[in-house]
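Below is entry.pdb, holding PDB, C-alpha atoms and all ligand atoms.
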```
ATOM      1  CA  MET A 409      40.754  47.374 158.991
ATOM      2  CA  SER A 410      41.116  45.679 162.350
ATOM      3  CA  ILE A 411      44.801  46.575 162.608
ATOM      4  CA  LEU A 412      43.878  50.223 162.018
ATOM      5  CA  MET A 413      41.277  50.051 164.793
ATOM      6  CA  ALA A 414      43.754  48.451 167.183
ATOM      7  CA  ALA A 415      46.356  51.126 166.345
ATOM      8  CA  ARG A 416      43.840  53.915 166.850
ATOM      9  CA  TYR A 417      42.841  52.726 170.327
ATOM     10  CA  LEU A 418      46.451  52.183 171.373
ATOM     11  CA  LYS A 419      47.346  55.710 170.240
ATOM     12  CA  GLU A 420      44.452  57.000 172.373
ATOM     13  CA  GLY A 421      46.000  55.330 175.424
ATOM     14  CA  GLN A 422      43.435  52.521 175.561
ATOM     15  CA  LEU A 423      43.910  48.777 176.050
ATOM     16  CA  VAL A 424      43.846  46.362 173.109
ATOM     17  CA  ALA A 425      44.135  42.563 173.271
ATOM     18  CA  ILE A 426      46.649  41.333 170.695
ATOM     19  CA  PRO A 427      47.362  37.864 169.330
ATOM     20  CA  THR A 428      50.859  36.418 169.603
ATOM     21  CA  GLU A 429      52.270  32.981 168.822
ATOM     22  CA  THR A 430      52.338  32.168 172.566
ATOM     23  CA  VAL A 431      49.200  33.584 174.243
ATOM     24  CA  TYR A 432      47.061  36.710 173.790
ATOM     25  CA  GLY A 433      48.508  39.872 175.323
ATOM     26  CA  LEU A 434      46.819  42.869 176.920
ATOM     27  CA  ALA A 435      48.583  45.737 175.154
ATOM     28  CA  ALA A 436      49.085  49.421 175.951
ATOM     29  CA  ASN A 437      51.430  52.196 174.801
ATOM     30  CA  ALA A 438      54.695  51.524 176.654
ATOM     31  CA  PHE A 439      55.609  55.238 176.526
ATOM     32  CA  ASP A 440      52.389  56.329 178.259
ATOM     33  CA  ASP A 441      52.424  55.664 182.015
ATOM     34  CA  GLU A 442      48.687  56.270 182.314
ATOM     35  CA  ALA A 443      48.000  53.605 179.688
ATOM     36  CA  VAL A 444      50.440  51.226 181.393
ATOM     37  CA  LYS A 445      48.635  51.717 184.711
ATOM     38  CA  LYS A 446      45.387  50.648 183.040
ATOM     39  CA  VAL A 447      47.004  47.288 182.232
ATOM     40  CA  PHE A 448      47.778  46.600 185.899
ATOM     41  CA  GLN A 449      44.280  47.699 186.904
ATOM     42  CA  ALA A 450      42.458  45.644 184.244
ATOM     43  CA  LYS A 451      44.332  42.471 185.263
ATOM     44  CA  ASN A 452      44.192  43.232 188.954
ATOM     45  CA  ARG A 453      47.942  42.755 188.859
ATOM     46  CA  PRO A 454      50.227  44.112 191.585
ATOM     47  CA  TYR A 455      52.600  46.899 190.490
ATOM     48  CA  SER A 456      55.445  44.752 191.841
ATOM     49  CA  ASP A 457      55.072  42.324 188.891
ATOM     50  CA  PRO A 458      56.863  43.848 185.856
ATOM     51  CA  LEU A 459      55.596  43.813 182.252
ATOM     52  CA  ILE A 460      57.091  42.566 178.973
ATOM     53  CA  VAL A 461      57.666  45.165 176.238
ATOM     54  CA  HIS A 462      56.858  44.063 172.677
ATOM     55  CA  CYS A 463      58.689  45.522 169.649
ATOM     56  CA  HIS A 464      58.631  44.817 165.919
ATOM     57  CA  SER A 465      62.367  45.002 165.160
ATOM     58  CA  LEU A 466      65.805  44.712 166.706
ATOM     59  CA  GLU A 467      66.354  48.404 165.868
ATOM     60  CA  ALA A 468      63.326  49.311 167.961
ATOM     61  CA  VAL A 469      64.671  47.157 170.816
ATOM     62  CA  ARG A 470      68.053  48.940 170.731
ATOM     63  CA  GLU A 471      66.364  52.222 171.681
ATOM     64  CA  LEU A 472      65.011  50.659 174.852
ATOM     65  CA  VAL A 473      68.172  49.057 176.234
ATOM     66  CA  SER A 474      71.504  50.481 177.361
ATOM     67  CA  GLU A 475      73.486  47.457 176.173
ATOM     68  CA  PHE A 476      73.251  43.824 175.092
ATOM     69  CA  PRO A 477      75.055  41.552 177.588
ATOM     70  CA  PRO A 478      77.334  38.918 175.974
ATOM     71  CA  GLY A 479      75.201  36.218 174.362
ATOM     72  CA  ALA A 480      72.015  38.288 174.262
ATOM     73  CA  GLU A 481      72.308  39.444 170.687
ATOM     74  CA  GLU A 482      73.039  35.902 169.509
ATOM     75  CA  LEU A 483      69.860  34.669 171.174
ATOM     76  CA  ALA A 484      67.866  37.590 169.741
ATOM     77  CA  LEU A 485      69.146  36.892 166.232
ATOM     78  CA  ALA A 486      68.470  33.170 166.587
ATOM     79  CA  PHE A 487      64.938  33.349 167.986
ATOM     80  CA  TRP A 488      63.293  36.724 167.204
ATOM     81  CA  PRO A 489      60.589  37.082 166.135
ATOM     82  CA  GLY A 490      59.614  34.251 168.450
ATOM     83  CA  PRO A 491      58.688  33.011 171.929
ATOM     84  CA  LEU A 492      61.799  34.345 173.691
ATOM     85  CA  THR A 493      61.846  37.217 176.190
ATOM     86  CA  LEU A 494      65.210  38.737 177.111
ATOM     87  CA  LEU A 495      65.903  40.616 180.339
ATOM     88  CA  LEU A 496      68.134  43.518 179.268
ATOM     89  CA  PRO A 497      69.501  46.628 181.015
ATOM     90  CA  LYS A 498      66.926  49.341 180.322
ATOM     91  CA  SER A 499      67.531  52.742 178.768
ATOM     92  CA  ASP A 500      65.777  55.777 180.230
ATOM     93  CA  LYS A 501      63.037  55.462 177.592
ATOM     94  CA  ILE A 502      61.549  52.708 179.757
ATOM     95  CA  SER A 503      59.701  53.912 182.846
ATOM     96  CA  SER A 504      60.237  52.139 186.137
ATOM     97  CA  LEU A 505      56.486  51.452 186.244
ATOM     98  CA  ILE A 506      57.056  48.825 183.528
ATOM     99  CA  THR A 507      60.004  47.162 185.278
ATOM    100  CA  ALA A 508      58.642  47.430 188.843
ATOM    101  CA  GLY A 509      61.648  49.550 189.721
ATOM    102  CA  GLN A 510      64.261  47.103 188.419
ATOM    103  CA  ASN A 511      66.984  48.197 186.043
ATOM    104  CA  ARG A 512      66.321  45.356 183.602
ATOM    105  CA  VAL A 513      63.465  45.402 181.133
ATOM    106  CA  ALA A 514      61.842  42.270 179.658
ATOM    107  CA  ILE A 515      61.559  42.552 175.856
ATOM    108  CA  ARG A 516      60.487  40.358 172.983
ATOM    109  CA  ILE A 517      59.573  40.477 169.301
ATOM    110  CA  PRO A 518      56.464  38.303 168.967
ATOM    111  CA  ASN A 519      55.936  36.147 165.902
ATOM    112  CA  HIS A 520      52.414  36.822 164.745
ATOM    113  CA  PRO A 521      51.742  38.485 161.376
ATOM    114  CA  LEU A 522      48.879  40.740 162.581
ATOM    115  CA  THR A 523      50.720  41.909 165.658
ATOM    116  CA  LEU A 524      53.987  42.484 163.799
ATOM    117  CA  GLU A 525      52.109  44.623 161.293
ATOM    118  CA  LEU A 526      50.371  46.487 164.115
ATOM    119  CA  LEU A 527      53.652  47.108 165.964
ATOM    120  CA  ALA A 528      55.361  48.317 162.773
ATOM    121  CA  SER A 529      52.579  50.875 162.322
ATOM    122  CA  LEU A 530      52.945  52.363 165.822
ATOM    123  CA  PRO A 531      55.376  55.109 166.888
ATOM    124  CA  PHE A 532      55.861  53.327 170.248
ATOM    125  CA  PRO A 533      56.374  49.781 171.606
ATOM    126  CA  VAL A 534      53.624  48.160 173.694
ATOM    127  CA  VAL A 535      53.640  46.492 177.071
ATOM    128  CA  ALA A 536      51.669  43.243 176.982
ATOM    129  CA  PRO A 537      51.189  40.792 179.815
ATOM    130  CA  SER A 538      49.003  37.775 179.130
ATOM    131  CA  ALA A 539      45.379  38.934 178.709
ATOM    132  CA  ASN A 540      43.899  37.137 181.722
ATOM    133  CA  PRO A 541      42.977  38.226 185.241
ATOM    134  CA  PHE A 542      46.089  37.963 187.432
ATOM    135  CA  GLY A 543      46.767  34.352 188.441
ATOM    136  CA  TYR A 544      44.287  32.692 186.061
ATOM    137  CA  VAL A 545      45.033  30.534 183.017
ATOM    138  CA  SER A 546      46.385  32.528 180.019
ATOM    139  CA  PRO A 547      44.150  33.023 176.942
ATOM    140  CA  THR A 548      44.962  31.281 173.662
ATOM    141  CA  THR A 549      41.910  32.472 171.708
ATOM    142  CA  ALA A 550      40.101  35.790 171.317
ATOM    143  CA  ALA A 551      37.069  34.150 172.972
ATOM    144  CA  HIS A 552      39.157  33.362 176.082
ATOM    145  CA  VAL A 553      40.052  37.052 176.338
ATOM    146  CA  ALA A 554      36.445  38.146 175.838
ATOM    147  CA  ALA A 555      35.208  35.698 178.489
ATOM    148  CA  GLN A 556      37.040  37.575 181.242
ATOM    149  CA  LEU A 557      38.258  40.958 180.020
ATOM    150  CA  GLN A 558      35.623  42.062 177.503
ATOM    151  CA  ASP A 559      34.706  45.085 179.609
ATOM    152  CA  GLU A 560      38.317  46.077 180.225
ATOM    153  CA  VAL A 561      39.564  46.262 176.625
ATOM    154  CA  ALA A 562      38.663  48.768 173.929
ATOM    155  CA  TYR A 563      39.288  46.183 171.237
ATOM    156  CA  ILE A 564      40.297  42.545 170.724
ATOM    157  CA  LEU A 565      42.397  41.928 167.619
ATOM    158  CA  ASP A 566      41.405  38.376 166.663
ATOM    159  CA  GLY A 567      44.373  36.527 165.174
ATOM    160  CA  GLY A 568      42.977  33.007 165.608
ATOM    161  CA  PRO A 569      44.186  30.408 168.123
ATOM    162  CA  CYS A 570      47.774  30.919 169.363
ATOM    163  CA  GLU A 571      50.120  28.525 167.610
ATOM    164  CA  ILE A 572      52.412  27.628 170.507
ATOM    165  CA  GLY A 573      49.997  27.940 173.413
ATOM    166  CA  ILE A 574      52.330  28.547 176.372
ATOM    167  CA  GLU A 575      54.146  31.792 177.212
ATOM    168  CA  SER A 576      57.605  32.815 176.046
ATOM    169  CA  THR A 577      60.813  31.495 177.589
ATOM    170  CA  ILE A 578      62.376  34.257 179.724
ATOM    171  CA  VAL A 579      66.183  34.509 179.706
ATOM    172  CA  GLY A 580      68.399  36.860 181.715
ATOM    173  CA  PHE A 581      72.191  37.155 181.882
ATOM    174  CA  GLU A 582      74.237  36.932 185.035
ATOM    175  CA  GLU A 583      78.018  36.829 185.270
ATOM    176  CA  GLY A 584      78.273  35.974 181.592
ATOM    177  CA  LEU A 585      75.761  33.121 181.770
ATOM    178  CA  ALA A 586      72.299  32.877 180.276
ATOM    179  CA  LYS A 587      69.782  31.951 182.909
ATOM    180  CA  ILE A 588      66.237  30.717 182.282
ATOM    181  CA  TYR A 589      63.722  32.541 184.488
ATOM    182  CA  ARG A 590      60.643  30.920 182.988
ATOM    183  CA  HIS A 591      60.421  27.831 180.798
ATOM    184  CA  GLY A 592      58.251  28.480 177.750
ATOM    185  CA  GLY A 593      57.919  28.372 173.983
ATOM    186  CA  ILE A 594      61.653  27.957 173.220
ATOM    187  CA  PRO A 595      62.871  24.703 174.811
ATOM    188  CA  ALA A 596      65.851  24.991 177.200
ATOM    189  CA  GLU A 597      67.802  22.578 174.961
ATOM    190  CA  LYS A 598      67.718  25.139 172.140
ATOM    191  CA  ILE A 599      68.914  27.975 174.402
ATOM    192  CA  THR A 600      71.776  25.765 175.562
ATOM    193  CA  LEU A 601      72.751  24.929 171.980
ATOM    194  CA  GLU A 602      72.746  28.584 171.017
ATOM    195  CA  CYS A 603      74.757  30.091 173.852
ATOM    196  CA  GLY A 604      76.440  27.243 175.658
ATOM    197  CA  PHE A 605      74.989  27.733 179.124
ATOM    198  CA  SER A 606      71.617  27.743 180.682
ATOM    199  CA  TYR A 607      70.276  26.768 184.023
ATOM    200  CA  GLN A 608      66.983  26.860 185.820
ATOM    201  CA  GLY A 609      66.345  30.161 187.501
ATOM    202  CA  PRO A 610      64.392  30.541 190.707
ATOM    203  CA  GLY A 611      60.666  30.011 190.282
ATOM    204  CA  MET A 612      58.730  33.241 190.209
ATOM    205  CA  LEU A 613      55.240  33.170 191.677
ATOM    206  CA  LYS A 614      54.381  29.752 193.048
ATOM    207  CA  SER A 615      50.690  29.646 192.279
ATOM    208  CA  HIS A 616      49.885  30.902 188.801
ATOM    209  CA  TYR A 617      48.141  29.781 185.637
ATOM    210  CA  ALA A 618      45.610  28.293 188.021
ATOM    211  CA  PRO A 619      42.041  27.241 187.227
ATOM    212  CA  ARG A 620      39.498  27.985 189.962
ATOM    213  CA  LYS A 621      39.188  24.258 190.628
ATOM    214  CA  LYS A 622      41.707  22.348 192.641
ATOM    215  CA  VAL A 623      44.277  20.523 190.467
ATOM    216  CA  LEU A 624      46.022  17.332 191.628
ATOM    217  CA  LEU A 625      49.111  16.140 189.790
ATOM    218  CA  GLY A 626      50.217  12.503 189.805
ATOM    219  CA  ASP A 627      49.554   9.060 188.375
ATOM    220  CA  ILE A 628      46.054   9.270 186.872
ATOM    221  CA  PRO A 629      44.897   5.623 187.473
ATOM    222  CA  THR A 630      46.019   5.866 191.129
ATOM    223  CA  LEU A 631      44.326   9.241 191.648
ATOM    224  CA  LEU A 632      41.166   7.925 189.959
ATOM    225  CA  THR A 633      40.730   5.183 192.564
ATOM    226  CA  LYS A 634      40.584   7.909 195.210
ATOM    227  CA  TYR A 635      38.688  10.540 193.196
ATOM    228  CA  PRO A 636      36.506   8.661 190.662
ATOM    229  CA  GLN A 637      34.404  11.794 189.936
ATOM    230  CA  ALA A 638      37.312  14.057 188.997
ATOM    231  CA  ALA A 639      37.861  15.661 185.595
ATOM    232  CA  ILE A 640      40.975  14.281 183.896
ATOM    233  CA  LEU A 641      43.724  15.941 181.871
ATOM    234  CA  SER A 642      46.015  13.338 180.322
ATOM    235  CA  PHE A 643      48.878  13.444 177.846
ATOM    236  CA  THR A 644      48.006  10.657 175.378
ATOM    237  CA  LYS A 645      45.583   8.154 176.929
ATOM    238  CA  SER A 646      41.848   8.792 177.052
ATOM    239  CA  TYR A 647      39.682   8.029 180.072
ATOM    240  CA  PRO A 648      35.909   7.887 180.436
ATOM    241  CA  GLY A 649      34.029  10.814 182.001
ATOM    242  CA  HIS A 650      35.104  14.445 181.860
ATOM    243  CA  SER A 651      38.430  13.752 180.296
ATOM    244  CA  LEU A 652      40.638  15.590 177.815
ATOM    245  CA  VAL A 653      43.739  14.326 176.024
ATOM    246  CA  LEU A 654      46.485  16.862 175.246
ATOM    247  CA  SER A 655      47.996  14.943 172.345
ATOM    248  CA  PRO A 656      46.841  11.444 171.302
ATOM    249  CA  SER A 657      50.043  11.062 169.237
ATOM    250  CA  GLY A 658      52.323  12.114 172.111
ATOM    251  CA  SER A 659      53.500  15.405 170.591
ATOM    252  CA  LEU A 660      54.708  17.868 173.224
ATOM    253  CA  ASP A 661      54.184  20.779 170.802
ATOM    254  CA  GLU A 662      50.558  19.750 170.292
ATOM    255  CA  ALA A 663      50.136  19.330 174.048
ATOM    256  CA  ALA A 664      51.405  22.888 174.664
ATOM    257  CA  HIS A 665      49.061  24.201 171.984
ATOM    258  CA  ASN A 666      46.059  22.562 173.707
ATOM    259  CA  LEU A 667      47.022  23.015 177.377
ATOM    260  CA  PHE A 668      45.324  26.269 178.410
ATOM    261  CA  ALA A 669      42.119  25.700 176.442
ATOM    262  CA  ALA A 670      41.882  22.244 178.075
ATOM    263  CA  LEU A 671      42.357  23.697 181.576
ATOM    264  CA  ARG A 672      39.641  26.259 180.877
ATOM    265  CA  THR A 673      37.233  23.592 179.569
ATOM    266  CA  LEU A 674      37.798  21.308 182.560
ATOM    267  CA  ASP A 675      37.405  24.277 184.889
ATOM    268  CA  GLU A 676      33.814  24.521 183.563
ATOM    269  CA  ALA A 677      33.113  20.763 183.880
ATOM    270  CA  PRO A 678      30.555  19.695 186.515
ATOM    271  CA  CYS A 679      33.019  18.343 189.080
ATOM    272  CA  ASP A 680      35.131  19.774 191.904
ATOM    273  CA  LEU A 681      38.565  18.513 191.033
ATOM    274  CA  ILE A 682      40.922  18.195 188.053
ATOM    275  CA  ILE A 683      43.525  15.433 188.046
ATOM    276  CA  ALA A 684      46.449  15.626 185.660
ATOM    277  CA  GLU A 685      49.781  13.974 184.944
ATOM    278  CA  GLU A 686      53.229  15.377 184.217
ATOM    279  CA  LEU A 687      54.661  15.083 180.707
ATOM    280  CA  PRO A 688      58.214  14.078 179.673
ATOM    281  CA  MET A 689      60.777  16.719 180.769
ATOM    282  CA  GLN A 690      62.039  17.559 177.312
ATOM    283  CA  GLY A 691      61.236  20.130 174.619
ATOM    284  CA  LEU A 692      58.078  22.040 175.553
ATOM    285  CA  GLY A 693      57.396  19.413 178.252
ATOM    286  CA  ARG A 694      59.368  21.509 180.765
ATOM    287  CA  GLY A 695      57.197  24.551 180.165
ATOM    288  CA  ILE A 696      54.015  22.466 180.305
ATOM    289  CA  ASN A 697      55.007  20.756 183.576
ATOM    290  CA  ASP A 698      55.981  24.094 185.064
ATOM    291  CA  ARG A 699      52.486  25.407 184.375
ATOM    292  CA  LEU A 700      50.775  22.219 185.615
ATOM    293  CA  ARG A 701      52.760  22.389 188.868
ATOM    294  CA  LYS A 702      51.811  26.011 189.336
ATOM    295  CA  ALA A 703      48.166  25.184 188.582
ATOM    296  CA  ALA A 704      48.345  22.417 191.221
ATOM    297  CA  CYS A 705      49.785  24.750 193.824
ATOM    298  CA  GLN A 706      46.935  25.627 196.154
ATOM    299  CA  LYS A 707      46.365  29.291 196.853
ATOM    300  CA  ASP A 708      44.616  28.529 200.150
ATOM    301  CA  PRO A 709      45.763  25.831 202.553
TER     302      PRO A 709
HETATM  303  O1  LIG A 801      54.545  34.878 175.845
HETATM  304  C1  LIG A 801      54.561  35.825 176.627
HETATM  305  O2  LIG A 801      55.593  36.172 177.224
HETATM  306  C2  LIG A 801      53.244  36.604 176.835
HETATM  307  C3  LIG A 801      52.856  37.262 175.509
HETATM  308  C4  LIG A 801      51.650  38.145 175.629
HETATM  309  O3  LIG A 801      53.966  37.962 175.005
HETATM  310  N1  LIG A 801      53.372  37.546 177.891
HETATM  311  C5  LIG A 801      53.442  37.172 179.185
HETATM  312  O4  LIG A 801      53.476  38.242 180.072
HETATM  313  O5  LIG A 801      53.472  36.025 179.561
HETATM  314  P1  LIG A 801      53.158  38.070 181.622
HETATM  315  O6  LIG A 801      53.132  39.454 182.146
HETATM  316  O7  LIG A 801      51.960  37.255 181.810
HETATM  317  O8  LIG A 801      54.430  37.358 182.203
HETATM  318  C6  LIG A 801      55.646  38.060 182.207
HETATM  319  C7  LIG A 801      56.586  37.519 183.212
HETATM  320  C8  LIG A 801      56.138  37.783 184.637
HETATM  321  O9  LIG A 801      56.359  36.590 185.398
HETATM  322  C9  LIG A 801      57.070  38.881 185.104
HETATM  323  O10 LIG A 801      57.327  38.799 186.479
HETATM  324  C10 LIG A 801      58.314  38.630 184.262
HETATM  325  O11 LIG A 801      57.817  38.214 183.029
HETATM  326  N2  LIG A 801      59.073  39.874 184.047
HETATM  327  C11 LIG A 801      58.686  40.948 183.338
HETATM  328  N3  LIG A 801      59.607  41.937 183.414
HETATM  329  C12 LIG A 801      60.616  41.469 184.167
HETATM  330  C13 LIG A 801      61.842  42.018 184.630
HETATM  331  N4  LIG A 801      62.221  43.251 184.304
HETATM  332  N5  LIG A 801      62.636  41.240 185.405
HETATM  333  C14 LIG A 801      62.238  39.989 185.745
HETATM  334  N6  LIG A 801      61.082  39.408 185.356
HETATM  335  C15 LIG A 801      60.269  40.145 184.581
HETATM  336 MG    MG A 802      50.750  35.918 182.641
END
```

Take the structure in the file and give it back as structure tokens.
Amino acid sequence: MSILMAARYLKEGQLVAIPTETVYGLAANAFDDEAVKKVFQAKNRPYSDPLIVHCHSLEAVRELVSEFPPGAEELALAFWPGPLTLLLPKSDKISSLITAGQNRVAIRIPNHPLTLELLASLPFPVVAPSANPFGYVSPTTAAHVAAQLQDEVAYILDGGPCEIGIESTIVGFEEGLAKIYRHGGIPAEKITLECGFSYQGPGMLKSHYAPRKKVLLGDIPTLLTKYPQAAILSFTKSYPGHSLVLSPSGSLDEAAHNLFAALRTLDEAPCDLIIAEELPMQGLGRGINDRLRKAACQKDP
């Protein structure tokens, strides 16, 4: 039933929040510019920040791109459906509204059973940025979406908590090399194994994924001596007070899964500051640290 409702609203050009394995997306018909504009407006997102197109099959992706650069198809076959977004030369089926005027389009096949079924039932792909107001922490439950965008969406397709919990890894291709533009759900090590090369791309927006509260990143015991009232986000060790542990057993996958919900909870805690520590730079740790650093980047001096 709910998939039918979601499909109906999307066909009418309305916005629907969809579950994926990474975070919830704010979806609209990618072939309808008016619907796509609603996505930017609902998120308060500048038109200069392009959107990711979501498809249900490689065949559907082929319609939207003019070619696969060397290495791209291998990555697609290895990781789709999954938390990998590829930047590919767009075909003229993709409007420049989606790509912010660039000639590459970001595409992925998400790995969530409800959303795959929904996409397979639609005669068009959907654009779907994370379903949060621009700059805030991404949603990993239907309740997170409802908390901020209830009035903006026609429907929220509830697919339970997102399994991975951080956004997809974004990979582009330049001069024959794969280049990581955003660390995310597929660890860089796996991209390297699959196609031989990968290196860190330039950071995109500096402040992003940010709670309203100020976030300080560093050694928690040291920061606590200076800010004893702060809320604490730690990897494995628990602290008294308003404190959350990402993974008591030290699992980076579990930490990614819990990260955004923890940031949202601490953002509501009765204190002015969140202190957090970086995690090991391996596996999903890179993506987690990237988001913590962006959360700690102050918007106002
Ligand atoms: O896991 C994800 O990727 C989630 C789920 C919903 O699929 N989506 C997501 O979308 O994180 P969003 O819009 O929050 O982040 C997309 C990022 C933005 O930083 C955007 O600048 C970049 O992808 N991007 C999109 N199209 C691009 C393009 N053509 N060239 C370069 N970067 C692009
Ligand atoms: Mg986002």

Output check: residues returned by the PyMOL selection byres (((chain A and resi 554) around 12) and not hetatm), as a list in words: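 What the PyMOL selection byres (((chain A and resi 554) around 12) and not hetatm) grabs from the file is Val424, Ala425, Ile426, Tyr432, Leu434, Ala539, Asn540, Pro541, Pro547, Thr548, Thr549, Ala550, Ala551, His552, Val553, Ala555, Gln556, Leu557, Gln558, Asp559, Glu560, Val561, Ala562, Tyr563, Ile564, Leu565 and Asp566 of chain A.
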
Given the PyMOL selection byres (((chain A and resi 682) around 8) and not hetatm), the residues it picks as a ChimeraX atom specification: /A:621-624,638-641,674-675,679-681,683-684

Distance filter 9 Å around ligand MG 802 (chain A), atoms: only C-alpha atoms and all ligand atoms, out as a PyMOL selection string: chain A and resi 431+433+537-546+575+616-617

Pairwise distance for atom CA of A:Ala438 and atom CA of A:Ser503, rounded to one decimal in Å: 8.3 Å

Ground truth for the PyMOL selection byres (((chain A and resi 579-594) around 9) and not hetatm), written as a ChimeraX atom specification: /A:429-430,477-480,487,490-496,512,514,572-578,595-600,603-612,664,691-692,694-696,698

Minimum-distance residue to ligand LIG 801 (chain A), chosen among A:Glu420, A:Ser504, A:Glu442, A:Ser410 (using only C-alpha atoms and all ligand atoms):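 Ranked by minimum distance to ligand LIG 801 (chain A), first place goes to A:Ser504.
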
Minimum-distance residue to A:Arg672, chosen among A:Leu524, A:Ile502, A:Ala443, A:Ala703 (using all atoms listed in the file):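 Looking only at the distances to A:Arg672, the closest residue turns out to be A:Ala703.
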
Residue with smallest distance to A:Val469 - pool A:Val444, A:Ser456, A:Pro497, A:Ser529, counting all atoms listed in the file: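 Checking each of A:Val444, A:Ser456, A:Pro497, A:Ser529 against A:Val469, counting all atoms listed in the file, the winner is A:Pro497.
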
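Counting all atoms listed in the file, the residue from A:Glu602, A:Asp457, A:Asp661, A:Glu676 that sits nearest to A:Ile506 is A:Asp457.
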